[in-house]
$ cat query27.cif   # mmCIF, N, CA and C atoms
data_structure
loop_
_atom_site.label_atom_id
_atom_site.label_comp_id
_atom_site.auth_asym_id
_atom_site.auth_seq_id
_atom_site.Cartn_x
_atom_site.Cartn_y
_atom_site.Cartn_z
N MET A 1 0.84 -1.18 0.00
CA MET A 1 0.00 0.00 0.00
C MET A 1 0.88 1.25 0.00
N GLY A 2 0.61 2.22 -0.86
CA GLY A 2 1.42 3.42 -0.98
C GLY A 2 1.14 4.41 0.13
N SER A 3 2.00 5.41 0.23
CA SER A 3 1.81 6.44 1.24
C SER A 3 0.70 7.39 0.80
N GLN A 4 0.23 8.17 1.76
CA GLN A 4 -0.84 9.14 1.49
C GLN A 4 -0.41 10.12 0.40
N ASP A 5 0.90 10.45 0.34
CA ASP A 5 1.40 11.41 -0.65
C ASP A 5 1.29 10.86 -2.07
N GLU A 6 1.25 9.54 -2.25
CA GLU A 6 1.16 8.93 -3.55
C GLU A 6 -0.27 8.67 -4.00
N LYS A 7 -1.22 8.88 -3.12
CA LYS A 7 -2.62 8.57 -3.41
C LYS A 7 -3.15 9.45 -4.54
N VAL A 8 -3.95 8.87 -5.40
CA VAL A 8 -4.62 9.61 -6.46
C VAL A 8 -6.09 9.76 -6.06
N TYR A 9 -6.51 10.97 -5.88
CA TYR A 9 -7.89 11.24 -5.45
C TYR A 9 -8.83 11.26 -6.65
N ILE A 10 -10.03 10.76 -6.45
CA ILE A 10 -11.03 10.79 -7.51
C ILE A 10 -12.03 11.92 -7.33
N SER A 11 -11.96 12.61 -6.17
CA SER A 11 -12.80 13.80 -5.98
C SER A 11 -12.21 14.66 -4.87
N PRO A 12 -12.45 15.96 -4.91
CA PRO A 12 -12.00 16.85 -3.83
C PRO A 12 -12.63 16.49 -2.48
N ILE A 13 -13.83 15.94 -2.49
CA ILE A 13 -14.49 15.53 -1.24
C ILE A 13 -13.65 14.45 -0.56
N GLU A 14 -13.13 13.52 -1.34
CA GLU A 14 -12.29 12.46 -0.80
C GLU A 14 -11.05 13.05 -0.11
N ALA A 15 -10.44 14.06 -0.72
CA ALA A 15 -9.27 14.71 -0.13
C ALA A 15 -9.63 15.40 1.18
N ALA A 16 -10.77 16.07 1.21
CA ALA A 16 -11.22 16.75 2.43
C ALA A 16 -11.51 15.75 3.54
N ILE A 17 -12.17 14.65 3.20
CA ILE A 17 -12.50 13.63 4.20
C ILE A 17 -11.22 13.00 4.75
N ASP A 18 -10.20 12.84 3.93
CA ASP A 18 -8.93 12.30 4.40
C ASP A 18 -8.33 13.18 5.50
N VAL A 19 -8.52 14.49 5.40
CA VAL A 19 -7.93 15.41 6.36
C VAL A 19 -8.78 15.53 7.62
N ILE A 20 -10.09 15.64 7.50
CA ILE A 20 -10.94 15.89 8.67
C ILE A 20 -11.84 14.73 9.03
N GLY A 21 -11.77 13.65 8.26
CA GLY A 21 -12.67 12.53 8.50
C GLY A 21 -12.27 11.68 9.69
N GLY A 22 -13.10 10.72 9.96
CA GLY A 22 -12.87 9.84 11.10
C GLY A 22 -13.53 10.38 12.35
N LYS A 23 -13.49 9.57 13.37
CA LYS A 23 -14.18 9.92 14.60
C LYS A 23 -13.49 11.05 15.37
N TRP A 24 -12.17 11.15 15.30
CA TRP A 24 -11.47 12.02 16.24
C TRP A 24 -10.94 13.34 15.69
N LYS A 25 -10.60 13.42 14.41
CA LYS A 25 -9.95 14.63 13.92
C LYS A 25 -10.83 15.87 14.08
N ALA A 26 -12.09 15.77 13.72
CA ALA A 26 -12.99 16.92 13.88
C ALA A 26 -13.19 17.25 15.36
N GLN A 27 -13.19 16.22 16.22
CA GLN A 27 -13.36 16.46 17.66
C GLN A 27 -12.12 17.17 18.23
N ILE A 28 -10.94 16.80 17.77
CA ILE A 28 -9.71 17.46 18.20
C ILE A 28 -9.75 18.92 17.75
N TYR A 29 -10.12 19.13 16.51
CA TYR A 29 -10.22 20.49 15.98
C TYR A 29 -11.20 21.30 16.83
N TYR A 30 -12.35 20.71 17.13
CA TYR A 30 -13.38 21.36 17.93
C TYR A 30 -12.84 21.73 19.31
N ALA A 31 -12.07 20.84 19.92
CA ALA A 31 -11.49 21.12 21.23
C ALA A 31 -10.52 22.30 21.17
N LEU A 32 -9.83 22.46 20.03
CA LEU A 32 -8.87 23.55 19.86
C LEU A 32 -9.50 24.85 19.36
N TRP A 33 -10.81 24.86 19.16
CA TRP A 33 -11.52 25.99 18.55
C TRP A 33 -11.20 27.32 19.22
N TYR A 34 -11.11 27.35 20.55
CA TYR A 34 -10.93 28.61 21.27
C TYR A 34 -9.49 28.95 21.61
N GLY A 35 -8.58 28.01 21.39
CA GLY A 35 -7.19 28.33 21.67
C GLY A 35 -6.34 27.10 21.90
N PRO A 36 -5.03 27.33 22.09
CA PRO A 36 -4.07 26.24 22.25
C PRO A 36 -4.36 25.39 23.50
N LEU A 37 -4.06 24.11 23.38
CA LEU A 37 -4.21 23.19 24.50
C LEU A 37 -3.01 22.26 24.56
N ARG A 38 -2.68 21.84 25.78
CA ARG A 38 -1.65 20.84 25.97
C ARG A 38 -2.27 19.46 25.75
N PHE A 39 -1.40 18.46 25.59
CA PHE A 39 -1.87 17.10 25.34
C PHE A 39 -2.83 16.65 26.44
N SER A 40 -2.49 16.90 27.69
CA SER A 40 -3.34 16.47 28.81
C SER A 40 -4.70 17.16 28.77
N GLU A 41 -4.74 18.42 28.36
CA GLU A 41 -6.01 19.14 28.26
C GLU A 41 -6.87 18.56 27.14
N LEU A 42 -6.23 18.24 26.02
CA LEU A 42 -6.96 17.60 24.93
C LEU A 42 -7.51 16.25 25.37
N SER A 43 -6.70 15.50 26.07
CA SER A 43 -7.10 14.18 26.55
C SER A 43 -8.32 14.28 27.47
N ARG A 44 -8.33 15.27 28.36
CA ARG A 44 -9.49 15.47 29.25
C ARG A 44 -10.73 15.92 28.48
N SER A 45 -10.52 16.69 27.43
CA SER A 45 -11.67 17.17 26.62
C SER A 45 -12.28 16.05 25.79
N LEU A 46 -11.49 15.02 25.51
CA LEU A 46 -11.93 13.89 24.70
C LEU A 46 -11.77 12.61 25.54
N PRO A 47 -12.63 12.42 26.54
CA PRO A 47 -12.42 11.34 27.50
C PRO A 47 -12.45 9.93 26.91
N ASN A 48 -13.01 9.73 25.75
CA ASN A 48 -13.11 8.38 25.19
C ASN A 48 -11.99 8.01 24.22
N ILE A 49 -11.04 8.92 24.00
CA ILE A 49 -9.94 8.64 23.08
C ILE A 49 -8.75 8.07 23.88
N THR A 50 -8.06 7.11 23.29
CA THR A 50 -6.86 6.58 23.94
C THR A 50 -5.70 7.55 23.68
N GLN A 51 -4.69 7.49 24.53
CA GLN A 51 -3.52 8.35 24.34
C GLN A 51 -2.83 8.05 23.02
N ARG A 52 -2.77 6.79 22.66
CA ARG A 52 -2.15 6.39 21.39
C ARG A 52 -2.91 6.98 20.20
N MET A 53 -4.23 6.87 20.23
CA MET A 53 -5.04 7.41 19.13
C MET A 53 -4.91 8.93 19.07
N LEU A 54 -4.94 9.59 20.21
CA LEU A 54 -4.79 11.05 20.23
C LEU A 54 -3.44 11.44 19.65
N THR A 55 -2.40 10.77 20.04
CA THR A 55 -1.06 11.04 19.50
C THR A 55 -1.03 10.86 17.99
N ASN A 56 -1.58 9.75 17.50
CA ASN A 56 -1.59 9.49 16.05
C ASN A 56 -2.39 10.54 15.29
N GLN A 57 -3.56 10.91 15.80
CA GLN A 57 -4.40 11.89 15.13
C GLN A 57 -3.75 13.27 15.13
N LEU A 58 -3.11 13.64 16.24
CA LEU A 58 -2.40 14.92 16.29
C LEU A 58 -1.26 14.94 15.27
N ARG A 59 -0.55 13.85 15.14
CA ARG A 59 0.54 13.77 14.15
C ARG A 59 0.01 13.94 12.74
N GLU A 60 -1.11 13.28 12.44
CA GLU A 60 -1.69 13.40 11.10
C GLU A 60 -2.18 14.82 10.83
N LEU A 61 -2.84 15.43 11.80
CA LEU A 61 -3.32 16.80 11.62
C LEU A 61 -2.15 17.77 11.46
N GLU A 62 -1.07 17.53 12.20
CA GLU A 62 0.12 18.37 12.06
C GLU A 62 0.76 18.15 10.69
N HIS A 63 0.86 16.90 10.25
CA HIS A 63 1.43 16.58 8.94
C HIS A 63 0.64 17.27 7.82
N ASP A 64 -0.68 17.33 7.96
CA ASP A 64 -1.53 17.97 6.95
C ASP A 64 -1.58 19.49 7.08
N GLY A 65 -0.89 20.04 8.10
CA GLY A 65 -0.84 21.50 8.27
C GLY A 65 -2.07 22.09 8.93
N ILE A 66 -2.91 21.26 9.51
CA ILE A 66 -4.16 21.73 10.12
C ILE A 66 -3.92 22.28 11.52
N ILE A 67 -2.99 21.68 12.24
CA ILE A 67 -2.64 22.18 13.57
C ILE A 67 -1.15 22.45 13.64
N ASP A 68 -0.79 23.31 14.58
CA ASP A 68 0.60 23.59 14.87
C ASP A 68 0.95 22.96 16.21
N ARG A 69 2.17 22.51 16.33
CA ARG A 69 2.69 21.94 17.58
C ARG A 69 3.84 22.82 18.01
N LYS A 70 3.71 23.40 19.18
CA LYS A 70 4.75 24.30 19.69
C LYS A 70 5.37 23.68 20.94
N VAL A 71 6.69 23.50 20.90
CA VAL A 71 7.43 22.94 22.02
C VAL A 71 8.09 24.09 22.78
N PHE A 72 7.82 24.15 24.09
CA PHE A 72 8.43 25.15 24.94
C PHE A 72 9.67 24.53 25.58
N GLU A 73 10.81 25.17 25.40
CA GLU A 73 12.07 24.65 25.94
C GLU A 73 12.13 24.97 27.43
N GLN A 74 11.66 24.06 28.22
CA GLN A 74 11.69 24.19 29.67
C GLN A 74 11.75 22.79 30.27
N VAL A 75 11.93 22.70 31.56
CA VAL A 75 11.98 21.40 32.24
C VAL A 75 10.84 21.36 33.23
N PRO A 76 9.92 20.41 33.13
CA PRO A 76 9.80 19.44 32.04
C PRO A 76 9.31 20.11 30.76
N PRO A 77 9.59 19.51 29.60
CA PRO A 77 9.16 20.12 28.33
C PRO A 77 7.63 20.26 28.29
N ARG A 78 7.19 21.31 27.64
CA ARG A 78 5.75 21.54 27.49
C ARG A 78 5.46 21.69 26.01
N VAL A 79 4.37 21.06 25.56
CA VAL A 79 3.95 21.12 24.16
C VAL A 79 2.51 21.60 24.11
N GLU A 80 2.25 22.52 23.22
CA GLU A 80 0.87 22.98 23.00
C GLU A 80 0.50 22.79 21.54
N TYR A 81 -0.76 22.48 21.34
CA TYR A 81 -1.32 22.31 20.00
C TYR A 81 -2.32 23.43 19.75
N SER A 82 -2.34 23.94 18.53
CA SER A 82 -3.29 24.99 18.16
C SER A 82 -3.66 24.82 16.70
N ILE A 83 -4.74 25.45 16.31
CA ILE A 83 -5.17 25.44 14.91
C ILE A 83 -4.25 26.36 14.12
N SER A 84 -3.72 25.88 13.03
CA SER A 84 -2.83 26.68 12.18
C SER A 84 -3.64 27.68 11.36
N GLU A 85 -2.92 28.59 10.73
CA GLU A 85 -3.57 29.55 9.83
C GLU A 85 -4.29 28.80 8.71
N TYR A 86 -3.62 27.80 8.16
CA TYR A 86 -4.24 26.97 7.11
C TYR A 86 -5.43 26.20 7.68
N GLY A 87 -5.30 25.69 8.90
CA GLY A 87 -6.38 24.95 9.55
C GLY A 87 -7.62 25.80 9.76
N ASN A 88 -7.44 27.11 9.92
CA ASN A 88 -8.59 27.99 10.10
C ASN A 88 -9.50 28.01 8.87
N THR A 89 -8.97 27.61 7.71
CA THR A 89 -9.81 27.60 6.51
C THR A 89 -10.88 26.50 6.58
N ILE A 90 -10.73 25.56 7.52
CA ILE A 90 -11.72 24.49 7.68
C ILE A 90 -12.90 24.91 8.56
N LYS A 91 -12.74 26.01 9.33
CA LYS A 91 -13.79 26.41 10.27
C LYS A 91 -15.18 26.51 9.64
N PRO A 92 -15.33 27.14 8.48
CA PRO A 92 -16.68 27.22 7.91
C PRO A 92 -17.30 25.85 7.62
N ILE A 93 -16.48 24.91 7.19
CA ILE A 93 -16.98 23.56 6.91
C ILE A 93 -17.45 22.89 8.19
N LEU A 94 -16.61 22.98 9.24
CA LEU A 94 -16.98 22.35 10.50
C LEU A 94 -18.14 23.07 11.18
N LEU A 95 -18.25 24.38 10.97
CA LEU A 95 -19.39 25.12 11.51
C LEU A 95 -20.69 24.64 10.85
N ASP A 96 -20.64 24.38 9.54
CA ASP A 96 -21.81 23.82 8.85
C ASP A 96 -22.13 22.42 9.37
N MET A 97 -21.09 21.62 9.64
CA MET A 97 -21.32 20.28 10.20
C MET A 97 -21.93 20.39 11.59
N TYR A 98 -21.44 21.33 12.38
CA TYR A 98 -21.98 21.56 13.73
C TYR A 98 -23.45 21.94 13.65
N ARG A 99 -23.75 22.87 12.74
CA ARG A 99 -25.13 23.34 12.56
C ARG A 99 -26.05 22.17 12.20
N TRP A 100 -25.63 21.38 11.21
CA TRP A 100 -26.46 20.25 10.78
C TRP A 100 -26.58 19.23 11.90
N GLY A 101 -25.47 18.93 12.58
CA GLY A 101 -25.50 17.96 13.67
C GLY A 101 -26.42 18.39 14.79
N TYR A 102 -26.40 19.67 15.13
CA TYR A 102 -27.28 20.17 16.19
C TYR A 102 -28.75 20.04 15.77
N MET A 103 -29.05 20.42 14.54
CA MET A 103 -30.43 20.29 14.07
C MET A 103 -30.85 18.82 14.02
N HIS A 104 -29.93 17.92 13.67
CA HIS A 104 -30.21 16.49 13.65
C HIS A 104 -30.51 15.97 15.07
N ILE A 105 -29.73 16.43 16.04
CA ILE A 105 -29.97 16.05 17.45
C ILE A 105 -31.37 16.47 17.87
N LEU A 106 -31.76 17.70 17.51
CA LEU A 106 -33.10 18.18 17.87
C LEU A 106 -34.18 17.39 17.14
N GLU A 107 -34.00 17.20 15.84
CA GLU A 107 -34.99 16.50 15.00
C GLU A 107 -35.23 15.08 15.48
N LYS A 108 -34.18 14.39 15.87
CA LYS A 108 -34.28 12.98 16.26
C LYS A 108 -34.36 12.77 17.77
N SER A 109 -34.41 13.89 18.52
CA SER A 109 -34.47 13.85 19.99
C SER A 109 -33.34 12.98 20.57
N LEU A 110 -32.11 13.22 20.07
CA LEU A 110 -30.95 12.47 20.53
C LEU A 110 -30.39 13.07 21.81
N LYS A 111 -29.77 12.23 22.63
CA LYS A 111 -29.13 12.69 23.85
C LYS A 111 -27.88 13.50 23.48
N TYR A 112 -27.66 14.60 24.17
CA TYR A 112 -26.54 15.48 23.86
C TYR A 112 -25.94 16.02 25.15
N GLU A 113 -24.64 15.83 25.31
CA GLU A 113 -23.88 16.40 26.42
C GLU A 113 -22.64 17.04 25.82
N PRO A 114 -22.51 18.38 25.91
CA PRO A 114 -21.36 19.06 25.30
C PRO A 114 -20.03 18.53 25.82
N MET A 115 -19.02 18.66 24.98
CA MET A 115 -17.65 18.25 25.31
C MET A 115 -17.21 18.97 26.59
N PRO A 116 -16.48 18.29 27.48
CA PRO A 116 -15.96 18.98 28.68
C PRO A 116 -15.10 20.17 28.28
N LYS A 117 -15.26 21.26 29.01
CA LYS A 117 -14.55 22.49 28.69
C LYS A 117 -13.16 22.49 29.30
N PRO A 118 -12.13 22.83 28.52
CA PRO A 118 -10.79 22.96 29.10
C PRO A 118 -10.79 24.04 30.18
N LEU A 119 -10.12 23.79 31.29
CA LEU A 119 -10.14 24.71 32.43
C LEU A 119 -9.70 26.11 32.07
N ARG A 120 -8.68 26.24 31.20
CA ARG A 120 -8.18 27.59 30.91
C ARG A 120 -9.13 28.40 30.04
N TYR A 121 -10.16 27.75 29.47
CA TYR A 121 -11.11 28.48 28.62
C TYR A 121 -12.52 28.43 29.19
N GLN A 122 -12.66 28.26 30.49
CA GLN A 122 -13.99 28.15 31.10
C GLN A 122 -14.87 29.36 30.74
N ASP A 123 -14.31 30.56 30.74
CA ASP A 123 -15.11 31.74 30.47
C ASP A 123 -15.41 31.94 28.99
N SER A 124 -14.46 31.60 28.12
CA SER A 124 -14.64 31.87 26.70
C SER A 124 -15.11 30.66 25.90
N TYR A 125 -14.93 29.47 26.44
CA TYR A 125 -15.28 28.24 25.73
C TYR A 125 -16.74 27.94 26.03
N VAL A 126 -17.60 28.76 25.46
CA VAL A 126 -19.02 28.66 25.78
C VAL A 126 -19.78 28.07 24.61
N GLU A 127 -20.40 26.93 24.86
CA GLU A 127 -21.16 26.21 23.83
C GLU A 127 -22.22 27.12 23.20
N ASP A 128 -22.85 27.96 24.00
CA ASP A 128 -23.91 28.83 23.49
C ASP A 128 -23.40 29.79 22.42
N LYS A 129 -22.15 30.28 22.57
CA LYS A 129 -21.59 31.19 21.56
C LYS A 129 -21.42 30.46 20.23
N LEU A 130 -20.87 29.25 20.30
CA LEU A 130 -20.67 28.47 19.07
C LEU A 130 -22.01 28.11 18.45
N LEU A 131 -22.95 27.73 19.29
CA LEU A 131 -24.27 27.37 18.79
C LEU A 131 -24.93 28.57 18.12
N ALA A 132 -24.85 29.74 18.75
CA ALA A 132 -25.43 30.95 18.16
C ALA A 132 -24.77 31.25 16.80
N GLU A 133 -23.45 31.08 16.74
CA GLU A 133 -22.74 31.31 15.48
C GLU A 133 -23.18 30.29 14.42
N ALA A 134 -23.34 29.05 14.85
CA ALA A 134 -23.69 27.99 13.90
C ALA A 134 -25.11 28.14 13.37
N LEU A 135 -26.01 28.64 14.21
CA LEU A 135 -27.40 28.72 13.80
C LEU A 135 -27.73 29.95 12.96
N LYS A 136 -26.75 30.86 12.80
CA LYS A 136 -26.95 31.98 11.88
C LYS A 136 -27.09 31.43 10.47
N LYS A 137 -27.90 32.06 9.70
CA LYS A 137 -28.01 31.65 8.31
C LYS A 137 -26.74 32.09 7.58
N PRO A 138 -26.26 31.32 6.61
CA PRO A 138 -25.06 31.69 5.88
C PRO A 138 -25.16 33.11 5.34
N GLY A 139 -24.10 33.90 5.54
CA GLY A 139 -24.06 35.27 5.07
C GLY A 139 -24.67 36.27 6.03
N GLU A 140 -25.28 35.80 7.10
CA GLU A 140 -25.91 36.68 8.09
C GLU A 140 -24.86 37.19 9.07
N ASN A 141 -24.84 38.47 9.33
CA ASN A 141 -23.93 39.04 10.32
C ASN A 141 -24.70 39.33 11.59
N HIS A 142 -24.02 39.26 12.69
CA HIS A 142 -24.56 39.50 14.04
C HIS A 142 -25.96 39.02 14.11
#
$ encode --input "query27.cif" --output "structure tokens"
Amino acid sequence: MGSQDEKVYISPIEAAIDVIGGKWKAQIYYALWYGPLRFSELSRSLPNITQRMLTNQLRELEHDGIIDRKVFEQVPPRVEYSISEYGNTIKPILLDMYRWGYMHILEKSLKYEPMPKPLRYQDSYVEDKLLAEALKKPGENH
């Protein structure tokens, strides 16, 4: 089997799904929506992911340029992950997915419990703000 760099795509949707598809990549992106997080903070925000899977998904997102990994030279070493400038171009797509997913939850009366909020973003990491943004009609301001 060839590497991802050798793959020939048959549609742009396939290329997009390769970058943000799967169970965890969009969830990691969502956790980083409000700002940088350390590995342990990401792990707490995604309680059902294994450390190995989180590590692998972070590596793939970094390889694709979606997130940045910043290493702080201190003892013990500290690493933070954040959405890259290129990764910010995915926000509108994920916001549309959020909007549709929320409407689907309401339509089907599905159980919903928001992702645990990282401690450093308790004041700004507010589900209601994201929901209000998502429920705006496309092109609508404020």
$ select_by_dssp --input "query27.cif" --residues "chain A" --states "strand (DSSP E)" --output "VMD selection string"
chain A and resid 37 to 38 67 to 72 78 to 83
$ atom_distance --input "query27.cif" --atom1 "CA of Glu14 in chain A" --atom2 "CA of Tyr86 in chain A"
18.4 Å
$ resolve_selection --input "query27.cif" --expression "the PyMOL selection byres ((chain A and resi 46) around 8)" --output "ChimeraX atom specification"
/A:27-28,31,40-45,47-50,115-116
$ closest_residue --input "query27.cif" --among "A:Ile20, A:Lys108, A:Ile13, A:Gln51" --to "Gly65 in chain A" --atoms "only C-alpha atoms"
A:Ile20
$ select_by_dssp --input "query27.cif" --residues "range 5-138 of chain A" --states "helix (DSSP H, G or I)" --output "PyMOL selection string"
chain A and resi 5-6+12-20+25-31+39-45+51-63+87-108+119-121+127-135
$ atom_distance --input "query27.cif" --atom1 "CA of Asn56 in chain A" --atom2 "CA of Arg69 in chain A"
13.3 Å
$ residues_around --input "query27.cif" --residues "Leu58 in chain A" --least-positions-apart "4" --cutoff "8 Å" --atoms "all atoms listed in the file" --output "ChimeraX atom specification"
/A:24-25,28,52-54,62-64,67
$ atom_distance --input "query27.cif" --atom1 "CA of Gln57 in chain A" --atom2 "atom C of Val79 in chain A"
14.9 Å
$ resolve_selection --input "query27.cif" --expression "the PyMOL selection byres ((chain A and resi 80) around 6)" --output "PDB file with N, CA and C atoms, in the coordinates of the input"
ATOM      1  N   PRO A  36      -5.030  27.330  22.090  1.00  0.00           N
ATOM      2  CA  PRO A  36      -4.070  26.240  22.250  1.00  0.00           C
ATOM      3  C   PRO A  36      -4.360  25.390  23.500  1.00  0.00           C
ATOM      4  N   LEU A  37      -4.060  24.110  23.380  1.00  0.00           N
ATOM      5  CA  LEU A  37      -4.210  23.190  24.500  1.00  0.00           C
ATOM      6  C   LEU A  37      -3.010  22.260  24.560  1.00  0.00           C
ATOM      7  N   ARG A  38      -2.680  21.840  25.780  1.00  0.00           N
ATOM      8  CA  ARG A  38      -1.650  20.840  25.970  1.00  0.00           C
ATOM      9  C   ARG A  38      -2.270  19.460  25.750  1.00  0.00           C
ATOM     10  N   PHE A  39      -1.400  18.460  25.590  1.00  0.00           N
ATOM     11  CA  PHE A  39      -1.870  17.100  25.340  1.00  0.00           C
ATOM     12  C   PHE A  39      -2.830  16.650  26.440  1.00  0.00           C
ATOM     13  N   ASP A  68      -0.790  23.310  14.580  1.00  0.00           N
ATOM     14  CA  ASP A  68       0.600  23.590  14.870  1.00  0.00           C
ATOM     15  C   ASP A  68       0.950  22.960  16.210  1.00  0.00           C
ATOM     16  N   ARG A  69       2.170  22.510  16.330  1.00  0.00           N
ATOM     17  CA  ARG A  69       2.690  21.940  17.580  1.00  0.00           C
ATOM     18  C   ARG A  69       3.840  22.820  18.010  1.00  0.00           C
ATOM     19  N   LYS A  70       3.710  23.400  19.180  1.00  0.00           N
ATOM     20  CA  LYS A  70       4.750  24.300  19.690  1.00  0.00           C
ATOM     21  C   LYS A  70       5.370  23.680  20.940  1.00  0.00           C
ATOM     22  N   VAL A  71       6.690  23.500  20.900  1.00  0.00           N
ATOM     23  CA  VAL A  71       7.430  22.940  22.020  1.00  0.00           C
ATOM     24  C   VAL A  71       8.090  24.090  22.780  1.00  0.00           C
ATOM     25  N   PHE A  72       7.820  24.150  24.090  1.00  0.00           N
ATOM     26  CA  PHE A  72       8.430  25.150  24.940  1.00  0.00           C
ATOM     27  C   PHE A  72       9.670  24.530  25.580  1.00  0.00           C
ATOM     28  N   ARG A  78       7.190  21.310  27.640  1.00  0.00           N
ATOM     29  CA  ARG A  78       5.750  21.540  27.490  1.00  0.00           C
ATOM     30  C   ARG A  78       5.460  21.690  26.010  1.00  0.00           C
ATOM     31  N   VAL A  79       4.370  21.060  25.560  1.00  0.00           N
ATOM     32  CA  VAL A  79       3.950  21.120  24.160  1.00  0.00           C
ATOM     33  C   VAL A  79       2.510  21.600  24.110  1.00  0.00           C
ATOM     34  N   TYR A  81      -0.760  22.480  21.340  1.00  0.00           N
ATOM     35  CA  TYR A  81      -1.320  22.310  20.000  1.00  0.00           C
ATOM     36  C   TYR A  81      -2.320  23.430  19.750  1.00  0.00           C
ATOM     37  N   SER A  82      -2.340  23.940  18.530  1.00  0.00           N
ATOM     38  CA  SER A  82      -3.290  24.990  18.160  1.00  0.00           C
ATOM     39  C   SER A  82      -3.660  24.820  16.700  1.00  0.00           C
TER      40      SER A  82
END
